[in-house]
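Undergrad: Pasting model_24.csv below, which is CSV, C-alpha atoms.
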```
chain,number,residue,atom,x,y,z
A,28,LYS,CA,121.0,216.5,-13.6
A,29,MET,CA,117.5,215.0,-14.0
A,30,GLU,CA,115.8,215.0,-17.4
A,31,GLY,CA,118.1,217.8,-18.5
A,32,LYS,CA,117.3,220.0,-15.5
A,33,VAL,CA,119.4,220.9,-12.6
A,34,PRO,CA,117.7,219.5,-9.4
A,35,THR,CA,116.6,222.0,-6.8
A,36,MET,CA,116.2,221.6,-3.0
A,37,GLN,CA,112.6,220.5,-3.7
A,38,THR,CA,113.5,217.8,-6.2
A,39,PRO,CA,112.8,214.3,-4.8
A,40,ILE,CA,115.7,211.9,-4.4
A,41,THR,CA,115.7,208.1,-4.4
A,42,PHE,CA,118.3,206.3,-2.4
A,43,LYS,CA,120.0,203.1,-3.6
A,44,CYS,CA,117.8,201.0,-1.4
A,45,GLY,CA,114.8,202.4,-3.3
A,46,LYS,CA,113.5,204.7,-0.6
A,47,LYS,CA,112.2,208.0,-2.1
A,48,ILE,CA,112.6,211.3,-0.2
A,49,LYS,CA,110.2,214.0,-1.1
A,50,ASN,CA,112.9,216.8,-1.2
A,51,ARG,CA,116.5,217.4,-0.4
A,52,VAL,CA,116.1,219.3,2.8
A,53,PHE,CA,117.8,217.2,5.5
A,54,LYS,CA,117.6,217.7,9.3
A,55,GLY,CA,120.7,216.1,10.7
A,56,ALA,CA,121.1,214.4,14.1
A,57,MET,CA,121.2,216.7,17.1
A,58,ALA,CA,121.1,215.3,20.6
A,59,GLU,CA,118.2,216.8,22.5
A,60,PHE,CA,119.6,216.3,26.0
A,61,TYR,CA,116.2,216.4,27.6
A,62,MET,CA,114.4,213.7,29.7
A,63,ASP,CA,111.8,214.0,32.4
A,64,ASP,CA,112.4,210.4,33.6
A,65,CYS,CA,116.0,209.4,33.2
A,66,GLU,CA,115.3,205.8,34.4
A,67,LYS,CA,112.7,205.0,31.8
A,68,SER,CA,114.4,207.1,29.1
A,69,ASP,CA,111.4,207.2,26.8
A,70,PRO,CA,110.6,210.2,24.5
A,71,THR,CA,108.8,213.1,26.1
A,72,ASP,CA,106.1,215.5,24.9
A,73,ILE,CA,109.0,217.9,24.1
A,74,HIS,CA,110.5,215.4,21.7
A,75,ILE,CA,107.1,214.8,20.1
A,76,ASN,CA,106.3,218.5,19.7
A,77,LEU,CA,109.7,219.4,18.4
A,78,TYR,CA,109.8,216.7,15.8
A,79,LYS,CA,106.2,217.4,14.7
A,80,LYS,CA,107.3,221.1,14.1
A,81,TRP,CA,110.2,219.9,12.0
A,82,SER,CA,108.2,217.4,9.9
A,83,GLU,CA,105.3,219.9,9.4
A,84,GLY,CA,107.9,222.5,8.4
A,85,GLY,CA,108.5,220.7,5.1
A,86,VAL,CA,111.8,218.9,5.7
A,87,GLY,CA,112.3,215.8,3.5
A,88,MET,CA,114.3,213.7,5.9
A,89,ILE,CA,114.9,213.8,9.7
A,90,VAL,CA,117.5,212.0,11.7
A,91,THR,CA,116.8,211.9,15.4
A,92,GLY,CA,119.4,212.7,18.1
A,93,HIS,CA,121.3,209.7,19.2
A,94,VAL,CA,119.3,206.9,20.8
A,95,PHE,CA,121.0,204.2,23.0
A,96,PRO,CA,120.3,200.5,22.7
A,97,CYS,CA,122.1,199.6,25.9
A,98,ARG,CA,120.3,200.9,29.0
A,99,ASN,CA,123.4,200.8,31.1
A,100,HIS,CA,125.6,202.6,28.6
A,101,LYS,CA,124.4,206.1,27.8
A,102,PHE,CA,126.4,209.3,27.1
A,103,VAL,CA,124.5,211.5,29.5
A,104,LYS,CA,121.6,210.7,31.8
A,105,GLU,CA,119.1,212.6,29.6
A,106,ASP,CA,119.7,210.3,26.6
A,107,PRO,CA,116.8,208.2,25.3
A,108,VAL,CA,117.0,204.4,25.3
A,109,LEU,CA,115.2,202.0,22.9
A,110,ASP,CA,115.2,198.4,24.1
A,111,GLU,CA,112.8,195.7,25.3
A,112,LYS,CA,111.9,197.8,28.4
A,113,SER,CA,110.9,200.9,26.4
A,114,ASP,CA,107.3,202.2,26.4
A,115,LEU,CA,106.6,201.6,22.7
A,116,ALA,CA,103.4,203.7,22.8
A,117,LYS,CA,105.6,206.8,23.5
A,118,TRP,CA,108.0,205.7,20.8
A,119,LYS,CA,105.2,205.3,18.4
A,120,ALA,CA,103.9,208.8,19.1
A,121,TYR,CA,107.5,210.0,18.5
A,122,ALA,CA,107.6,208.2,15.2
A,123,GLU,CA,104.2,209.5,14.1
A,124,ALA,CA,105.3,213.1,14.9
A,125,ALA,CA,108.6,212.7,13.0
A,126,THR,CA,107.0,211.1,9.9
A,127,ALA,CA,104.1,213.5,9.6
A,128,ASN,CA,103.7,215.4,6.3
A,129,ASP,CA,105.3,212.5,4.3
A,130,THR,CA,108.6,213.0,6.1
A,131,THR,CA,111.2,210.2,6.1
A,132,ALA,CA,112.4,209.7,9.7
A,133,ILE,CA,115.5,207.8,10.7
A,134,VAL,CA,116.7,206.8,14.2
A,135,GLN,CA,120.4,207.4,15.0
A,136,ILE,CA,121.6,204.5,17.2
A,137,ASN,CA,124.7,205.0,19.4
A,138,HIS,CA,126.9,203.5,22.1
A,139,PRO,CA,129.3,205.7,24.0
A,140,GLY,CA,132.0,203.2,24.7
A,141,ARG,CA,134.7,204.8,26.9
A,142,ALA,CA,132.9,208.2,26.4
A,143,GLY,CA,130.0,207.3,28.7
A,144,MET,CA,129.6,209.8,31.4
A,145,TYR,CA,126.3,208.8,33.1
A,146,ASP,CA,126.3,206.2,35.9
A,147,VAL,CA,128.6,203.8,34.0
A,148,PRO,CA,130.9,202.3,36.7
A,149,GLU,CA,132.9,200.4,34.1
A,150,PRO,CA,132.6,201.8,30.6
A,151,GLN,CA,133.1,199.4,27.7
A,152,ALA,CA,135.8,199.9,25.0
A,153,PRO,CA,137.6,197.8,22.4
A,154,THR,CA,140.7,197.9,24.7
A,155,ALA,CA,141.1,198.9,28.3
A,156,MET,CA,141.9,202.6,28.4
A,157,PRO,CA,142.5,205.3,31.0
A,158,LYS,CA,139.7,207.7,31.5
A,159,MET,CA,139.2,210.6,29.0
A,160,GLU,CA,139.9,214.2,30.1
A,161,GLY,CA,137.0,216.0,31.7
A,162,GLU,CA,134.5,215.4,34.5
A,163,GLY,CA,132.4,212.3,34.6
A,164,PHE,CA,134.6,209.9,32.7
A,165,ARG,CA,136.0,206.7,34.1
A,166,ASP,CA,138.6,204.2,33.2
A,167,SER,CA,137.2,201.7,30.6
A,168,LYS,CA,137.5,198.0,30.4
A,169,GLY,CA,138.3,196.0,27.3
A,170,MET,CA,135.2,194.1,26.0
A,171,THR,CA,135.0,190.4,25.8
A,172,GLU,CA,133.9,188.8,22.6
A,173,GLU,CA,130.6,187.9,24.4
A,174,GLU,CA,130.1,191.6,25.2
A,175,ILE,CA,130.8,192.6,21.6
A,176,LEU,CA,128.2,190.1,20.3
A,177,GLU,CA,125.7,191.3,22.9
A,178,VAL,CA,126.2,195.0,21.8
A,179,ILE,CA,125.6,193.9,18.1
A,180,GLN,CA,122.3,192.3,19.1
A,181,LYS,CA,121.3,195.3,21.1
A,182,PHE,CA,121.7,197.4,17.9
A,183,VAL,CA,119.7,194.9,16.0
A,184,THR,CA,116.9,194.9,18.6
A,185,ALA,CA,116.8,198.7,18.7
A,186,SER,CA,116.5,198.7,14.9
A,187,LYS,CA,113.7,196.2,14.9
A,188,LEU,CA,111.8,198.2,17.5
A,189,ALA,CA,112.4,201.4,15.5
A,190,LYS,CA,110.8,199.8,12.5
A,191,GLN,CA,108.0,198.4,14.6
A,192,VAL,CA,106.9,201.8,15.9
A,193,GLY,CA,107.0,203.4,12.5
A,194,PHE,CA,110.5,204.9,11.7
A,195,HIS,CA,111.8,204.3,8.2
A,196,GLY,CA,115.4,203.3,9.0
A,197,VAL,CA,118.3,203.7,11.3
A,198,GLU,CA,121.7,205.5,11.2
A,199,ILE,CA,124.6,203.7,13.0
A,200,HIS,CA,126.7,206.3,14.7
A,201,CYS,CA,130.4,205.7,14.0
A,202,ALA,CA,131.9,209.1,14.8
A,203,HIS,CA,132.8,211.6,17.5
A,204,GLY,CA,134.8,209.1,19.6
A,205,PHE,CA,132.0,206.9,20.6
A,206,LEU,CA,132.2,203.1,20.7
A,207,LEU,CA,132.1,202.2,17.0
A,208,SER,CA,134.7,204.9,16.1
A,209,GLN,CA,136.8,203.5,18.9
A,210,PHE,CA,136.7,200.1,17.2
A,211,LEU,CA,137.6,201.7,13.8
A,212,SER,CA,140.6,203.6,15.2
A,213,PRO,CA,143.9,201.8,15.7
A,214,VAL,CA,144.6,204.4,18.5
A,215,THR,CA,141.8,203.0,20.7
A,216,ASN,CA,141.6,199.5,19.3
A,217,LYS,CA,144.6,197.5,20.3
A,218,ARG,CA,142.9,194.1,20.2
A,219,GLU,CA,144.8,191.1,18.8
A,220,ASP,CA,141.8,189.0,17.9
A,221,LYS,CA,139.4,189.2,15.0
A,222,TRP,CA,137.9,192.5,16.3
A,223,GLY,CA,141.2,194.4,16.1
A,224,GLY,CA,144.4,194.8,14.2
A,225,SER,CA,143.8,195.1,10.5
A,226,LEU,CA,141.1,197.5,9.1
A,227,GLU,CA,139.1,194.4,8.1
A,228,ASN,CA,139.0,193.3,11.7
A,229,ARG,CA,138.5,196.8,13.2
A,230,LYS,CA,135.4,197.4,11.0
A,231,ARG,CA,134.0,193.9,11.7
A,232,ILE,CA,131.6,194.9,14.5
A,233,LEU,CA,130.1,197.6,12.2
A,234,PHE,CA,129.7,195.5,9.2
A,235,GLN,CA,128.2,192.6,11.2
A,236,MET,CA,125.7,195.0,12.7
A,237,ILE,CA,124.7,196.3,9.3
A,238,THR,CA,124.4,192.7,7.9
A,239,GLU,CA,122.2,191.5,10.8
A,240,ILE,CA,120.0,194.7,10.8
A,241,ARG,CA,119.3,194.3,7.1
A,242,SER,CA,118.6,190.6,7.6
A,243,GLU,CA,116.0,191.4,10.3
A,244,CYS,CA,114.6,194.7,9.0
A,245,GLY,CA,114.9,194.4,5.2
A,246,LYS,CA,117.3,196.2,2.8
A,247,ASP,CA,114.9,199.1,2.3
A,248,PHE,CA,114.9,200.0,6.0
```
Do you think you could lay out the structure here as structure tokens?
TA:
Amino acid sequence: KMEGKVPTMQTPITFKCGKKIKNRVFKGAMAEFYMDDCEKSDPTDIHINLYKKWSEGGVGMIVTGHVFPCRNHKFVKEDPVLDEKSDLAKWKAYAEAATANDTTAIVQINHPGRAGMYDVPEPQAPTAMPKMEGEGFRDSKGMTEEEILEVIQKFVTASKLAKQVGFHGVEIHCAHGFLLSQFLSPVTNKREDKWGGSLENRKRILFQMITEIRSECGKDF
């Protein structure tokens, strides 16, 4: 309750970080699976027009479909990539569309891990695993510590770029069998170093990402 009144869908809400959302209508992450140039992997006019319709429709907060920080590790070929090679003018247009009408817009960042289906000759995973059932999957290799640290930095870079082009924050995708959920699960994480074993170790990659992103982008991002 707020001031003795029951909040409605139109009641603003303030997050712990201090960010205020204009209402409680939330558009969750839904992968768009559209790309007119799968090599460049930048947002298209379809992305921009779609998110402008959502923001102008009155939603308080938008989370994008998953965006990939590692160009060589996508889920499907139509997925967008945000990294140093991205066309930031297109990403800025995307952010402007998503944040129109005082809408809070968040970028969901993801890595497929062993679930990568598009042109990934050797998918990364916490531990080497046989390929998943279904077409397009391949056997995955266990990541070296150097590769783990590189992925962390890729997430940090994508977060910094998301902030640079005008998004309000990022959501780190840790579900649906993708890389970070693979690290969290003892079924797919059989490592015996500091990145596996106990829950403290299995969640280390995620918590290190969050710490470094907040350090670079600020706690209110």
Undergrad: List as a Markdown table every residue of range 111-165 of chain A that is in contact with range 51-55 of chain A, defined as an atom at most 12 Å from one of its atoms (using only C-alpha atoms), together with the nearest atom pair and the distance in Å rounded to one decimal, sorted by chain and then rising number.
TA:
```
| residue | atom | partner | partner_atom | distance |
| --- | --- | --- | --- | --- |
| A:Ala125 | CA | A:Lys54 | CA | 10.9 |
| A:Thr130 | CA | A:Phe53 | CA | 10.1 |
| A:Thr131 | CA | A:Phe53 | CA | 9.6 |
| A:Ala132 | CA | A:Lys54 | CA | 9.5 |
| A:Ile133 | CA | A:Gly55 | CA | 9.8 |
| A:Val134 | CA | A:Gly55 | CA | 10.7 |
| A:Gln135 | CA | A:Gly55 | CA | 9.7 |
```
Undergrad: Interatomic distance between CA of His203 in chain A and CA of Glu239 in chain A?
TA: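 Result for CA of His203 in chain A versus CA of Glu239 in chain A: 23.7 Å, one decimal.
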Undergrad: Under the rule that only C-alpha atoms are counted, which of A:Arg231, A:His100, A:Lys217, A:Lys47 is the nearest residue to Lys181 in chain A?
TA: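 For Lys181 in chain A, the nearest of the candidates is A:His100.
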Undergrad: Rounded to one decimal in Å, what is the spacing between CA of Ile232 in chain A and CA of Lys112 in chain A?
TA: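 Between CA of Ile232 in chain A and CA of Lys112 in chain A the gap is 24.3 Å.
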Undergrad: Write out as an NGL selection string which residues come within 6 Å of range 74-81 of chain A when counting only C-alpha atoms, dropping same-chain ones fewer than 3 positions away.
TA: :A and (70-71 or 84 or 121 or 124-125)
Undergrad: For Ile175 in chain A, list every protein, DNA or RNA residue within 12 Å, evaluated using only C-alpha atoms, and leave out those in the same chain fewer than 3 positions away; present the list as a PyMOL selection string.
TA: chain A and resi 97+138+140+151-154+169-172+178-182+206-207+210+221-223+231-233+235-236
Undergrad: In file coordinates, which residues lie within 12 Å of (110.8, 196.8, 25.9) using only C-alpha atoms, given as number ranges by chain?
TA: A: 67-69, 96-98, 108-118, 181, 184-185, 187-189, 191-192
Undergrad: Of the residues A:Ser242, A:Asn128, A:Thr38, A:Ser186, which is the one nearest to Glu83 in chain A, using all atoms listed in the file?
TA: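 For Glu83 in chain A, the nearest of the candidates is A:Asn128.
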Undergrad: Which is closest to Glu227 in chain A among A:Ile240, A:Leu211, A:Gly163, A:Lys246, if we use all atoms listed in the file?
TA: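 So, comparing all the options, the nearest one is A:Leu211.
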Undergrad: May I ask which of the residues A:Glu219, A:Asp72, A:Glu149, A:Glu59 is the closest one to Asp166 in chain A, counting all atoms listed in the file?
TA: A:Glu149
Undergrad: What separation in Å, quoted to one decimal, exists between CA of His200 in chain A and CA of Ile136 in chain A?
TA: 6.0 Å
Undergrad: For each of A:Met88, A:Ala122, A:Ala202, A:Ala58, take the minimum atom-to-atom distance to Ile40 in chain A, counting all atoms listed in the file, then give the residue where this is smallest.
TA: A:Met88
Undergrad: Excluding Arg165 in chain A and residues on its chain fewer than 3 positions from it, collect all residues at most 10 Å away from it, counting all atoms listed in the file, and give them as a ChimeraX atom specification.
TA: /A:141-150,156-162,168
Undergrad: So which one's closest to Pro107 in chain A, A:Val94, A:Ile199, A:Val183, A:Ala120? Using only C-alpha atoms, please.
TA: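 Answer, going by the shortest atom-to-atom distance: A:Val94.
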Undergrad: Taking (111.8, 210.0, -0.8) in the file's own coordinates, collect the residues within 8 Å, counting only C-alpha atoms, and hand them back as an NGL selection string.
TA: :A and (39-42 or 46-50 or 87 or 131)
Undergrad: Starting from the sparse input, extend range 130-150 of chain A to N, CA and C atoms and give the output as a compact mmCIF listing (two decimals), in the coordinates of the input.
TA:
```txt
# COMPACT_ATOMS: atom_id res chain seq x y z
N THR A 130 107.18 212.84 5.74
CA THR A 130 108.60 213.00 6.10
C THR A 130 109.23 211.65 6.34
N THR A 131 110.41 211.43 5.82
CA THR A 131 111.20 210.20 6.10
C THR A 131 111.95 210.45 7.41
N ALA A 132 111.81 209.53 8.37
CA ALA A 132 112.40 209.70 9.70
C ALA A 132 113.31 208.50 10.02
N ILE A 133 114.53 208.79 10.42
CA ILE A 133 115.50 207.80 10.70
C ILE A 133 116.01 207.94 12.15
N VAL A 134 116.22 206.83 12.84
CA VAL A 134 116.70 206.80 14.20
C VAL A 134 118.23 206.65 14.22
N GLN A 135 118.94 207.57 14.86
CA GLN A 135 120.40 207.40 15.00
C GLN A 135 120.64 206.55 16.26
N ILE A 136 121.35 205.43 16.12
CA ILE A 136 121.60 204.50 17.20
C ILE A 136 123.11 204.64 17.62
N ASN A 137 123.37 204.70 18.92
CA ASN A 137 124.70 205.00 19.40
C ASN A 137 125.06 204.18 20.64
N HIS A 138 126.33 204.02 20.89
CA HIS A 138 126.90 203.50 22.10
C HIS A 138 128.08 204.30 22.49
N PRO A 139 128.17 204.81 23.73
CA PRO A 139 129.30 205.70 24.00
C PRO A 139 130.63 205.11 24.16
N GLY A 140 130.68 203.80 24.47
CA GLY A 140 132.00 203.20 24.70
C GLY A 140 132.65 203.89 25.92
N ARG A 141 133.92 204.22 25.78
CA ARG A 141 134.70 204.80 26.90
C ARG A 141 134.22 206.29 27.14
N ALA A 142 133.37 206.84 26.26
CA ALA A 142 132.90 208.20 26.40
C ALA A 142 131.66 208.34 27.28
N GLY A 143 131.17 207.23 27.82
CA GLY A 143 130.00 207.30 28.70
C GLY A 143 130.24 208.06 29.94
N MET A 144 129.39 209.01 30.24
CA MET A 144 129.60 209.80 31.40
C MET A 144 128.52 209.57 32.51
N TYR A 145 127.42 208.90 32.15
CA TYR A 145 126.30 208.80 33.10
C TYR A 145 126.25 207.42 33.76
N ASP A 146 126.54 207.37 35.05
CA ASP A 146 126.30 206.20 35.90
C ASP A 146 126.81 204.91 35.22
N VAL A 147 127.98 204.98 34.60
CA VAL A 147 128.60 203.80 34.00
C VAL A 147 129.84 203.48 34.81
N PRO A 148 129.74 202.59 35.80
CA PRO A 148 130.90 202.30 36.70
C PRO A 148 132.07 201.75 35.93
N GLU A 149 131.82 201.01 34.85
CA GLU A 149 132.90 200.40 34.10
C GLU A 149 132.58 200.51 32.59
N PRO A 150 132.90 201.64 31.98
CA PRO A 150 132.60 201.80 30.60
C PRO A 150 133.24 200.76 29.69
```
